[in-house]
Amino acid sequence: MEELRGVSWPPEPIRTERLLLREPEARDRAVFVELLASPEVHTYLGGPRSRAELERELPAVPERRTGSFVVELDGAMIGLILLRRATGHSRPAAADKADLGYLFLPRAWGAGYGYEACTAALGWLAEALPGEPVVLTTQSANAPSLRLAAKLGFTEVERFQAWGAEQWLGLRSAVPPAG
């Protein structure tokens, strides 16, 4: 994955009804460690990393790259949205398209924050790179992620084996579905 090119970064913070999407800051580092070390968050992502390893390896401001949005609720980080260029993707249908990824703390699950934050990030992308198709890959066994992908307008392109499990690849065309 590569950073998105040709976009102005960082954008002004994006406000939704309940959330703020903004560039990562040093104050977010502890939550990054919590996200990346969480067994629940990484159930479908190959497993968590050790806290000790993360404390040693994470920079002072993790994910300070084009397309990385911290998702904040009431002044506290609850998740992360990543938009990257899918260069070198193993699936031809995804190659060189924008790729959407997201991670949320378990305490933020089930409240619609993922949909709200992803919708805002995709809106930013549509303005920054008009006409850009977006792909999303998740494990086929990750039912909540599949529901979110469908709600965001992604449709299945293919399923494939990778990272020891069946993966689902979805595509969202530049024009979201009506309704």
# chains A, B, ... in the order shown; residues from 1 in each chain; ligands from 1

$ residues_around --residues "A:Leu19" --least-positions-apart "4" --cutoff "12 Å" --atoms "only C-alpha atoms" --output "compact mmCIF listing (two decimals) with all heavy atoms, in the first residue's frame"
# COMPACT_ATOMS: atom_id res chain seq x y z
N PRO A 13 -10.00 19.34 9.82
CA PRO A 13 -10.74 18.26 10.48
C PRO A 13 -12.16 18.15 9.93
O PRO A 13 -12.78 19.16 9.58
CB PRO A 13 -10.73 18.68 11.94
CG PRO A 13 -9.50 19.50 12.08
CD PRO A 13 -9.40 20.26 10.77
N ILE A 14 -12.64 16.93 9.82
CA ILE A 14 -13.97 16.66 9.28
C ILE A 14 -14.90 16.37 10.45
O ILE A 14 -14.65 15.46 11.25
CB ILE A 14 -13.94 15.44 8.33
CG1 ILE A 14 -12.98 15.70 7.17
CG2 ILE A 14 -15.34 15.12 7.83
CD1 ILE A 14 -12.66 14.47 6.35
N ARG A 15 -15.97 17.13 10.55
CA ARG A 15 -16.95 16.93 11.62
C ARG A 15 -18.18 16.24 11.06
O ARG A 15 -18.67 16.58 10.00
CB ARG A 15 -17.36 18.26 12.24
CG ARG A 15 -16.22 18.94 12.96
CD ARG A 15 -16.67 20.14 13.77
NE ARG A 15 -15.52 20.83 14.32
CZ ARG A 15 -14.86 20.44 15.40
NH1 ARG A 15 -15.24 19.38 16.06
NH2 ARG A 15 -13.81 21.12 15.84
N PHE A 69 -6.80 8.96 9.12
CA PHE A 69 -7.68 9.78 9.94
C PHE A 69 -7.89 9.13 11.30
O PHE A 69 -8.31 7.97 11.38
CB PHE A 69 -9.07 9.89 9.30
CG PHE A 69 -9.14 10.71 8.05
CD1 PHE A 69 -9.13 10.09 6.81
CD2 PHE A 69 -9.25 12.09 8.10
CE1 PHE A 69 -9.22 10.82 5.65
CE2 PHE A 69 -9.34 12.83 6.94
CZ PHE A 69 -9.32 12.21 5.70
N VAL A 70 -7.62 9.86 12.37
CA VAL A 70 -8.04 9.45 13.70
C VAL A 70 -9.52 9.76 13.81
O VAL A 70 -9.98 10.81 13.35
CB VAL A 70 -7.24 10.22 14.78
CG1 VAL A 70 -7.93 10.19 16.12
CG2 VAL A 70 -5.84 9.65 14.89
N VAL A 71 -10.28 8.86 14.39
CA VAL A 71 -11.70 9.08 14.64
C VAL A 71 -11.84 9.39 16.13
O VAL A 71 -11.42 8.59 16.97
CB VAL A 71 -12.55 7.84 14.27
CG1 VAL A 71 -14.02 8.10 14.54
CG2 VAL A 71 -12.31 7.45 12.81
N GLU A 72 -12.41 10.54 16.40
CA GLU A 72 -12.50 11.04 17.77
C GLU A 72 -13.97 11.20 18.17
O GLU A 72 -14.78 11.68 17.38
CB GLU A 72 -11.78 12.39 17.82
CG GLU A 72 -11.61 12.99 19.16
CD GLU A 72 -10.83 14.30 19.07
OE1 GLU A 72 -9.61 14.27 18.82
OE2 GLU A 72 -11.47 15.35 19.26
N LEU A 73 -14.28 10.80 19.38
CA LEU A 73 -15.60 10.97 19.97
C LEU A 73 -15.43 11.69 21.30
O LEU A 73 -14.68 11.20 22.17
CB LEU A 73 -16.28 9.62 20.19
CG LEU A 73 -17.60 9.63 20.94
CD1 LEU A 73 -18.70 10.29 20.11
CD2 LEU A 73 -18.02 8.21 21.33
N ASP A 74 -16.09 12.82 21.46
CA ASP A 74 -16.02 13.58 22.72
C ASP A 74 -14.57 13.81 23.16
O ASP A 74 -14.23 13.66 24.33
CB ASP A 74 -16.80 12.87 23.82
CG ASP A 74 -18.29 12.76 23.50
OD1 ASP A 74 -18.81 13.65 22.80
OD2 ASP A 74 -18.90 11.77 23.95
N GLY A 75 -13.69 14.13 22.21
CA GLY A 75 -12.32 14.47 22.53
C GLY A 75 -11.37 13.30 22.70
O GLY A 75 -10.19 13.50 22.98
N ALA A 76 -11.84 12.07 22.52
CA ALA A 76 -10.98 10.89 22.69
C ALA A 76 -10.98 10.04 21.42
O ALA A 76 -12.02 9.83 20.80
CB ALA A 76 -11.48 10.05 23.87
N MET A 77 -9.82 9.53 21.08
CA MET A 77 -9.68 8.65 19.91
C MET A 77 -10.41 7.33 20.17
O MET A 77 -10.21 6.71 21.20
CB MET A 77 -8.21 8.38 19.62
CG MET A 77 -7.98 7.48 18.43
SD MET A 77 -6.21 7.21 18.17
CE MET A 77 -6.28 5.96 16.88
N ILE A 78 -11.25 6.93 19.20
CA ILE A 78 -11.95 5.63 19.29
C ILE A 78 -11.63 4.72 18.11
O ILE A 78 -12.01 3.56 18.11
CB ILE A 78 -13.48 5.80 19.40
CG1 ILE A 78 -14.04 6.49 18.16
CG2 ILE A 78 -13.85 6.51 20.69
CD1 ILE A 78 -15.55 6.38 18.01
N GLY A 79 -10.95 5.27 17.10
CA GLY A 79 -10.69 4.45 15.93
C GLY A 79 -9.79 5.14 14.93
O GLY A 79 -9.30 6.26 15.16
N LEU A 80 -9.61 4.47 13.81
CA LEU A 80 -8.71 4.91 12.77
C LEU A 80 -9.30 4.53 11.42
O LEU A 80 -9.80 3.42 11.24
CB LEU A 80 -7.36 4.20 12.96
CG LEU A 80 -6.27 4.43 11.95
CD1 LEU A 80 -5.78 5.88 12.00
CD2 LEU A 80 -5.09 3.49 12.24
N ALA A 108 -16.33 0.92 21.11
CA ALA A 108 -17.02 1.79 20.15
C ALA A 108 -17.84 0.98 19.14
O ALA A 108 -18.51 1.56 18.28
CB ALA A 108 -15.99 2.65 19.41
N ALA A 111 -22.32 1.06 17.58
CA ALA A 111 -23.01 2.35 17.74
C ALA A 111 -23.10 3.12 16.43
O ALA A 111 -23.55 4.27 16.43
CB ALA A 111 -22.29 3.19 18.79
N GLY A 112 -22.66 2.53 15.32
CA GLY A 112 -22.73 3.21 14.03
C GLY A 112 -21.57 4.16 13.75
O GLY A 112 -21.57 4.87 12.75
N TYR A 113 -20.56 4.17 14.62
CA TYR A 113 -19.42 5.07 14.41
C TYR A 113 -18.62 4.70 13.16
O TYR A 113 -18.12 5.58 12.47
CB TYR A 113 -18.50 5.08 15.62
CG TYR A 113 -19.14 5.54 16.90
CD1 TYR A 113 -18.98 4.82 18.07
CD2 TYR A 113 -19.93 6.69 16.95
CE1 TYR A 113 -19.56 5.23 19.26
CE2 TYR A 113 -20.53 7.10 18.13
CZ TYR A 113 -20.34 6.37 19.28
OH TYR A 113 -20.91 6.77 20.45
N GLY A 114 -18.48 3.40 12.89
CA GLY A 114 -17.74 2.98 11.71
C GLY A 114 -18.39 3.50 10.44
O GLY A 114 -17.71 4.04 9.57
N TYR A 115 -19.69 3.35 10.33
CA TYR A 115 -20.41 3.85 9.16
C TYR A 115 -20.27 5.36 9.04
O TYR A 115 -19.97 5.89 7.97
CB TYR A 115 -21.88 3.44 9.22
CG TYR A 115 -22.68 4.00 8.08
CD1 TYR A 115 -22.57 3.45 6.80
CD2 TYR A 115 -23.53 5.08 8.25
CE1 TYR A 115 -23.28 3.96 5.74
CE2 TYR A 115 -24.25 5.60 7.20
CZ TYR A 115 -24.12 5.04 5.94
OH TYR A 115 -24.81 5.57 4.89
N GLU A 116 -20.48 6.05 10.14
CA GLU A 116 -20.42 7.51 10.14
C GLU A 116 -19.02 8.00 9.74
O GLU A 116 -18.89 8.91 8.91
CB GLU A 116 -20.80 8.02 11.53
CG GLU A 116 -20.99 9.51 11.64
CD GLU A 116 -21.53 9.93 12.99
OE1 GLU A 116 -22.27 9.15 13.65
OE2 GLU A 116 -21.21 11.06 13.41
N ALA A 117 -17.99 7.41 10.31
CA ALA A 117 -16.62 7.83 10.02
C ALA A 117 -16.20 7.46 8.60
O ALA A 117 -15.59 8.27 7.89
CB ALA A 117 -15.66 7.21 11.03
N CYS A 118 -16.52 6.25 8.17
CA CYS A 118 -16.16 5.83 6.81
C CYS A 118 -16.89 6.67 5.76
O CYS A 118 -16.30 7.04 4.74
CB CYS A 118 -16.46 4.35 6.60
SG CYS A 118 -15.33 3.24 7.46
N THR A 119 -18.15 6.98 6.01
CA THR A 119 -18.90 7.82 5.09
C THR A 119 -18.23 9.19 4.95
O THR A 119 -18.09 9.71 3.84
CB THR A 119 -20.36 7.97 5.55
OG1 THR A 119 -20.97 6.67 5.55
CG2 THR A 119 -21.16 8.88 4.66
N ALA A 120 -17.81 9.76 6.07
CA ALA A 120 -17.14 11.06 6.04
C ALA A 120 -15.81 10.98 5.29
O ALA A 120 -15.48 11.84 4.47
CB ALA A 120 -16.92 11.57 7.45
N ALA A 121 -15.01 9.93 5.56
CA ALA A 121 -13.72 9.77 4.88
C ALA A 121 -13.91 9.54 3.38
O ALA A 121 -13.17 10.10 2.56
CB ALA A 121 -12.94 8.63 5.51

$ residues_around --residues "A:Leu169" --least-positions-apart "4" --cutoff "10 Å" --atoms "only C-alpha atoms" --output "JSON, numbers by chain"
{"A": [91, 93, 94, 135, 136, 137, 138, 139, 140, 146, 149, 154, 155, 156, 157, 158, 159, 160]}

$ atom_distance --atom1 "atom CA of A:Asp96" --atom2 "atom CA of A:Ala126"
16.0 Å

$ closest_residue --among "A:Trp163, A:Arg172, A:Leu21, A:Ala37" --to "A:Lys151" --atoms "only C-alpha atoms"
A:Arg172

$ residues_around --residues "A:Leu4" --least-positions-apart "6" --cutoff "9 Å" --atoms "only C-alpha atoms" --output "PDB file with all heavy atoms, in the first residue's frame"
ATOM      1  N   THR A  66      -0.506  10.611   4.690  1.00  0.00           N
ATOM      2  CA  THR A  66      -1.659  10.998   3.891  1.00  0.00           C
ATOM      3  C   THR A  66      -2.694   9.876   3.905  1.00  0.00           C
ATOM      4  O   THR A  66      -2.361   8.714   3.685  1.00  0.00           O
ATOM      5  CB  THR A  66      -1.231  11.299   2.435  1.00  0.00           C
ATOM      6  OG1 THR A  66      -0.257  12.341   2.467  1.00  0.00           O
ATOM      7  CG2 THR A  66      -2.411  11.717   1.581  1.00  0.00           C
ATOM      8  N   GLY A  67      -3.936  10.216   4.183  1.00  0.00           N
ATOM      9  CA  GLY A  67      -5.025   9.254   4.183  1.00  0.00           C
ATOM     10  C   GLY A  67      -5.301   8.601   5.516  1.00  0.00           C
ATOM     11  O   GLY A  67      -6.188   7.758   5.617  1.00  0.00           O
ATOM     12  N   LEU A  83      -7.015   5.403   4.236  1.00  0.00           N
ATOM     13  CA  LEU A  83      -7.225   5.400   2.793  1.00  0.00           C
ATOM     14  C   LEU A  83      -5.838   5.375   2.149  1.00  0.00           C
ATOM     15  O   LEU A  83      -5.035   6.282   2.382  1.00  0.00           O
ATOM     16  CB  LEU A  83      -8.010   6.638   2.345  1.00  0.00           C
ATOM     17  CG  LEU A  83      -9.483   6.606   2.697  1.00  0.00           C
ATOM     18  CD1 LEU A  83     -10.099   7.992   2.593  1.00  0.00           C
ATOM     19  CD2 LEU A  83     -10.221   5.625   1.780  1.00  0.00           C
ATOM     20  N   ARG A  84      -5.568   4.341   1.395  1.00  0.00           N
ATOM     21  CA  ARG A  84      -4.266   4.133   0.766  1.00  0.00           C
ATOM     22  C   ARG A  84      -4.464   3.751  -0.700  1.00  0.00           C
ATOM     23  O   ARG A  84      -5.544   3.352  -1.105  1.00  0.00           O
ATOM     24  CB  ARG A  84      -3.508   2.986   1.448  1.00  0.00           C
ATOM     25  CG  ARG A  84      -3.267   3.164   2.917  1.00  0.00           C
ATOM     26  CD  ARG A  84      -1.996   3.974   3.144  1.00  0.00           C
ATOM     27  NE  ARG A  84      -1.688   4.058   4.553  1.00  0.00           N
ATOM     28  CZ  ARG A  84      -2.061   5.061   5.333  1.00  0.00           C
ATOM     29  NH1 ARG A  84      -2.775   6.043   4.849  1.00  0.00           N
ATOM     30  NH2 ARG A  84      -1.729   5.085   6.603  1.00  0.00           N
ATOM     31  N   ARG A  85      -3.377   3.783  -1.448  1.00  0.00           N
ATOM     32  CA  ARG A  85      -3.378   3.303  -2.826  1.00  0.00           C
ATOM     33  C   ARG A  85      -2.978   1.838  -2.789  1.00  0.00           C
ATOM     34  O   ARG A  85      -1.956   1.480  -2.205  1.00  0.00           O
ATOM     35  CB  ARG A  85      -2.384   4.122  -3.648  1.00  0.00           C
ATOM     36  CG  ARG A  85      -2.260   3.711  -5.082  1.00  0.00           C
ATOM     37  CD  ARG A  85      -3.400   4.118  -5.972  1.00  0.00           C
ATOM     38  NE  ARG A  85      -3.710   5.520  -5.876  1.00  0.00           N
ATOM     39  CZ  ARG A  85      -4.938   6.020  -6.046  1.00  0.00           C
ATOM     40  NH1 ARG A  85      -5.934   5.210  -6.346  1.00  0.00           N
ATOM     41  NH2 ARG A  85      -5.173   7.290  -5.938  1.00  0.00           N
ATOM     42  N   ALA A  98      -7.973   3.170  -4.703  1.00  0.00           N
ATOM     43  CA  ALA A  98      -7.947   3.569  -3.296  1.00  0.00           C
ATOM     44  C   ALA A  98      -8.469   2.397  -2.479  1.00  0.00           C
ATOM     45  O   ALA A  98      -9.376   1.681  -2.900  1.00  0.00           O
ATOM     46  CB  ALA A  98      -8.811   4.802  -3.076  1.00  0.00           C
TER      47      ALA A  98
END
